[in-house]
Every structure is written in C-alpha cells, then in structure tokens.
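Student: Have a look at this one.
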Amino acid sequence: MNMVFINSISVVKDSLCSIATPSPVLQEVHWTDWLDIVYKIAMILIALFNIWFAITIHKLKNKKEDNFKEADRKIALLKTLILDYNLKFVYDFFDSLELHLNELKTKEANKRNIESDIQADFKKLNEKFINLLSAVDNGLYGKILQIGDDCRDKLVTNIGDAGVNLYVESQYVKLIKKPYEEAKKEMLKVLFNYKGI
C-alpha cells in the first residue's frame with residue numbers, strides 16, 4: 001500500500017509541476033498541447049483513485065481481521081468458560097431425560113410424575129448450561145434455549161395426551177423418542193457449528 005501511495009503522490013507532483021510551469025514564449029496552442037493537458041489531468045485522477053483505493057482496501061482488511069479476532073475470542077470464551085466445565089451437565093441432562101422417558105414404556109407409568117421429572121430436568125439444564133451461554137453470545141443462547149423449550153413443550157404435550165398409549169412402541173417412538181433425539185442432535189449441531197460471528 002505504501003508503494004502505491006508514494007508512486008501516486010509522485011505522479012501528482014510531477015503532473016502539477018509541468019502544468020504550472022509557465023512557458024517563456026507565448027505559443028500557439030495546438031491540439032497536441034490539449035491532449036498533453038488531458039493526459040496529465042487523467043494521470044492525476046488515476047493517482048488520486050489509486051490513493052483512495054489503497055486506503056479503502058486497507059480499511060476493509062482491518063475490519064475483516066477485527067471480525068475474525070472477535071469470533072476467535074468468542075469461541076475461546078465459550079470453550080474456556082462454559083464447555084470445559086459445564087458440557088457434562090448437558091450429557092447428564094440427556095441421560096436423566098432418557099431415563100424418565102423410558103418409564104413411559106410401561107402401562108403403569110405415572111405420567112404426571114414423569115412430566116414433573118422432565119420439567120425438573122429442563123430447569124436444571126437451563127440453570128447449569130443454557131443461561132451461561134448468554135455471557136458469551138446472546139444469539140447462541142437464544143437458539144439453544146429455543147431448541148430446549150420446543151422439545152420440552154412437545155414432550156409434555158405428547159405425555160399429557162390421554163388418548164395416546166405411550167407404552168405402545170410405535171407411539172413411543174413417534175411421539176417421545178423421535179422429538180427427544182431430534183432436539184439432542186440439533187442442540188449439539190448448533191454448539192458444534194458455532195463460529196463466533
């Protein structure tokens with residue numbers, strides 16, 4: 001950038017000097033003189049454009065580098081502050097939730113107690129993991145919270161439906177296992193794909 005800038009200034013200086021130099025003898029102006037003047041003005045404009053272009057490219061490059069540095073900082077914070085210490089709570093949540101959901105496979109399952117246990121599992125996940133994500137990135141926090149809330153709502157709705165026999169394998173898979181597994185996969189996918197931007 002500095003070389004382009006120096007060359008451009010030299011061209012502007014030389015062009016201005018040659019235009020400003022008065023001619024000692026009045027001469028008749030020919031079309032070649034006009035062409036020379038136009039050429040020198042064009043060179044000045046090209047030099048000014050090069051200066052502007054170099055400055056613009058430099059600013060864009062700095063802004064892009066700043067964005068990458070900020071993204072790297074956010075990823076490092078996520079890893080250091082949250083994932084290293086609290087990711088175990090996510091896996092504990094999935095294990096506990098799966099145990100409670102498996103209780104629905106029996107005919108004698110107490111849906112009300114299971115629903116209460118599921119609500120407690122989701123509350124614990126929010127307190128131990130999801131709420132901490134807002135310290136790093138509100139967008140990531142919102143996505144993970146939405147996935148958890150949607151999963152909880154779907155499971156609670158399906159458990160509360162009195163007309164559904166969840167001890168029937170096909171019903172259990174469709175209404176309980178599938179939404180749970182999709183939410184688990186989506187939550188891990190969002191965490192894995194986090195770019196810090």
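Identifiers in this document derive from the order of the structure tokens: chains are assigned A, B, ..., residues are numbered from 1 separately in each chain, and ligands are numbered from 1 in order of occurrence.
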Show me, as a list in words, the residues that have an atom within 12 Å of Asn67 of chain A when counting only C-alpha atoms, minus same-chain residues fewer than 5 positions from it.
Tutor: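 Using only C-alpha atoms, the neighbours found are Leu60, Lys61, Asn62, Asp72, Arg73, Lys74, Lys195, Gly196 and Ile197 of chain A.
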Student: As an NGL selection string, please: the residues near Asp92 of chain A (cut-off 12 Å, only C-alpha atoms, same-chain neighbours under 2 positions excluded).
Tutor: :A and (86-90 or 94-99 or 121-122 or 124-125 or 128-129)
Student: Can you list every residue of segment 31-106 of chain A that has an atom at most 12 Å from segment 169-175 of chain A, with its nearest atom pair and the distance in Å to one decimal, using only C-alpha atoms, ordered by chain then number, as CSV?
Tutor:
```
residue,atom,partner,partner_atom,distance
A:Leu101,CA,A:Tyr172,CA,9.1
A:Asn102,CA,A:Tyr172,CA,9.0
A:Glu103,CA,A:Tyr172,CA,10.7
A:Leu104,CA,A:Tyr172,CA,7.8
A:Lys105,CA,A:Tyr172,CA,7.1
A:Thr106,CA,A:Glu169,CA,10.1
```
Student: Which residue, A:Ile147, A:Gly139, A:Leu132, A:Lys59, has the smallest gap to Tyr85 of chain A when you use only C-alpha atoms?
Tutor: A:Leu132
Student: Take atom CA of Phe93 of chain A and atom CA of Tyr180 of chain A and report the distance between them in Å, one decimal.
Tutor: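 Between atom CA of Phe93 of chain A and atom CA of Tyr180 of chain A the gap is 11.6 Å.
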Student: Mind listing the alpha helix (DSSP H) residues of segment 120-164 of chain A, per DSSP on the backbone, as a ChimeraX atom specification?
Tutor: /A:120-125,131-133,138-160
Student: Suppose we keep N, CA, C and O atoms; can you now write the selection as a tab-separated table (two decimals), in the first residue's frame?
Tutor:
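See again-v6.tsv below for the written result:
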```
chain	number	residue	atom	x	y	z
A	120	ALA	N	-38.24	-30.76	35.68
A	120	ALA	CA	-37.09	-30.53	36.55
A	120	ALA	C	-35.77	-30.70	35.77
A	120	ALA	O	-34.82	-29.94	35.97
A	121	ASP	N	-35.74	-31.70	34.87
A	121	ASP	CA	-34.54	-31.90	34.05
A	121	ASP	C	-34.26	-30.68	33.18
A	121	ASP	O	-33.11	-30.22	33.10
A	122	PHE	N	-35.29	-30.15	32.54
A	122	PHE	CA	-35.10	-28.99	31.67
A	122	PHE	C	-34.71	-27.75	32.48
A	122	PHE	O	-33.89	-26.94	32.04
A	123	LYS	N	-35.29	-27.61	33.66
A	123	LYS	CA	-34.94	-26.47	34.51
A	123	LYS	C	-33.47	-26.53	34.91
A	123	LYS	O	-32.74	-25.53	34.87
A	124	LYS	N	-33.01	-27.73	35.26
A	124	LYS	CA	-31.61	-27.91	35.65
A	124	LYS	C	-30.69	-27.61	34.47
A	124	LYS	O	-29.64	-26.98	34.63
A	125	LEU	N	-31.06	-28.05	33.26
A	125	LEU	CA	-30.26	-27.75	32.07
A	125	LEU	C	-30.15	-26.24	31.85
A	125	LEU	O	-29.07	-25.73	31.57
A	131	ASN	N	-28.32	-20.89	30.41
A	131	ASN	CA	-28.25	-19.49	30.85
A	131	ASN	C	-26.83	-18.92	30.78
A	131	ASN	O	-26.65	-17.73	30.55
A	132	LEU	N	-25.83	-19.78	30.94
A	132	LEU	CA	-24.43	-19.33	30.89
A	132	LEU	C	-24.03	-18.91	29.48
A	132	LEU	O	-23.11	-18.11	29.31
A	133	LEU	N	-24.69	-19.45	28.47
A	133	LEU	CA	-24.35	-19.11	27.09
A	133	LEU	C	-24.58	-17.63	26.79
A	133	LEU	O	-23.92	-17.06	25.93
A	138	ASN	N	-25.53	-13.94	22.85
A	138	ASN	CA	-26.99	-14.00	23.02
A	138	ASN	C	-27.68	-14.78	21.90
A	138	ASN	O	-28.71	-15.40	22.13
A	139	GLY	N	-27.12	-14.74	20.70
A	139	GLY	CA	-27.70	-15.50	19.60
A	139	GLY	C	-27.62	-16.99	19.84
A	139	GLY	O	-28.59	-17.73	19.63
A	140	LEU	N	-26.46	-17.46	20.28
A	140	LEU	CA	-26.28	-18.88	20.60
A	140	LEU	C	-27.19	-19.27	21.76
A	140	LEU	O	-27.85	-20.32	21.71
A	141	TYR	N	-27.24	-18.44	22.77
A	141	TYR	CA	-28.12	-18.68	23.92
A	141	TYR	C	-29.57	-18.83	23.47
A	141	TYR	O	-30.26	-19.77	23.86
A	142	GLY	N	-30.02	-17.92	22.60
A	142	GLY	CA	-31.41	-17.96	22.13
A	142	GLY	C	-31.72	-19.22	21.33
A	142	GLY	O	-32.79	-19.82	21.49
A	143	LYS	N	-30.78	-19.65	20.50
A	143	LYS	CA	-31.00	-20.86	19.69
A	143	LYS	C	-31.11	-22.10	20.56
A	143	LYS	O	-32.02	-22.92	20.40
A	144	ILE	N	-30.17	-22.25	21.50
A	144	ILE	CA	-30.17	-23.43	22.37
A	144	ILE	C	-31.40	-23.42	23.28
A	144	ILE	O	-32.04	-24.46	23.47
A	145	LEU	N	-31.74	-22.26	23.80
A	145	LEU	CA	-32.93	-22.15	24.66
A	145	LEU	C	-34.19	-22.53	23.89
A	145	LEU	O	-35.05	-23.26	24.40
A	146	GLN	N	-34.30	-22.06	22.64
A	146	GLN	CA	-35.46	-22.37	21.82
A	146	GLN	C	-35.58	-23.86	21.53
A	146	GLN	O	-36.66	-24.43	21.60
A	147	ILE	N	-34.45	-24.50	21.25
A	147	ILE	CA	-34.46	-25.95	20.99
A	147	ILE	C	-34.94	-26.69	22.24
A	147	ILE	O	-35.79	-27.58	22.17
A	148	GLY	N	-34.41	-26.31	23.40
A	148	GLY	CA	-34.81	-26.95	24.65
A	148	GLY	C	-36.27	-26.72	24.97
A	148	GLY	O	-37.00	-27.65	25.35
A	149	ASP	N	-36.74	-25.48	24.82
A	149	ASP	CA	-38.14	-25.17	25.11
A	149	ASP	C	-39.09	-25.91	24.17
A	149	ASP	O	-40.13	-26.42	24.60
A	150	ASP	N	-38.73	-25.95	22.89
A	150	ASP	CA	-39.58	-26.66	21.92
A	150	ASP	C	-39.67	-28.14	22.24
A	150	ASP	O	-40.74	-28.75	22.16
A	151	CYS	N	-38.54	-28.73	22.59
A	151	CYS	CA	-38.51	-30.15	22.93
A	151	CYS	C	-39.36	-30.41	24.17
A	151	CYS	O	-40.18	-31.34	24.20
A	152	ARG	N	-39.16	-29.62	25.20
A	152	ARG	CA	-39.93	-29.78	26.44
A	152	ARG	C	-41.43	-29.66	26.17
A	152	ARG	O	-42.22	-30.50	26.60
A	153	ASP	N	-41.82	-28.63	25.42
A	153	ASP	CA	-43.24	-28.42	25.13
A	153	ASP	C	-43.83	-29.59	24.36
A	153	ASP	O	-44.95	-30.05	24.64
A	154	LYS	N	-43.07	-30.10	23.38
A	154	LYS	CA	-43.57	-31.21	22.57
A	154	LYS	C	-43.72	-32.47	23.42
A	154	LYS	O	-44.72	-33.18	23.34
A	155	LEU	N	-42.72	-32.74	24.27
A	155	LEU	CA	-42.78	-33.94	25.12
A	155	LEU	C	-43.92	-33.84	26.13
A	155	LEU	O	-44.67	-34.80	26.31
A	156	VAL	N	-44.05	-32.69	26.77
A	156	VAL	CA	-45.11	-32.51	27.77
A	156	VAL	C	-46.49	-32.64	27.12
A	156	VAL	O	-47.39	-33.27	27.67
A	157	THR	N	-46.65	-32.06	25.94
A	157	THR	CA	-47.92	-32.16	25.23
A	157	THR	C	-48.24	-33.61	24.88
A	157	THR	O	-49.37	-34.07	25.09
A	158	ASN	N	-47.25	-34.33	24.37
A	158	ASN	CA	-47.47	-35.72	23.98
A	158	ASN	C	-47.71	-36.63	25.19
A	158	ASN	O	-48.50	-37.56	25.12
A	159	ILE	N	-47.04	-36.35	26.30
A	159	ILE	CA	-47.25	-37.14	27.52
A	159	ILE	C	-48.64	-36.86	28.08
A	159	ILE	O	-49.34	-37.77	28.54
A	160	GLY	N	-49.07	-35.61	28.03
A	160	GLY	CA	-50.35	-35.23	28.60
A	160	GLY	C	-51.56	-35.66	27.79
A	160	GLY	O	-52.69	-35.61	28.28
```
Student: So how many Å separate atom CA of Lys177 of chain A and atom CA of Ser134 of chain A, to one decimal?
Tutor: 28.8 Å
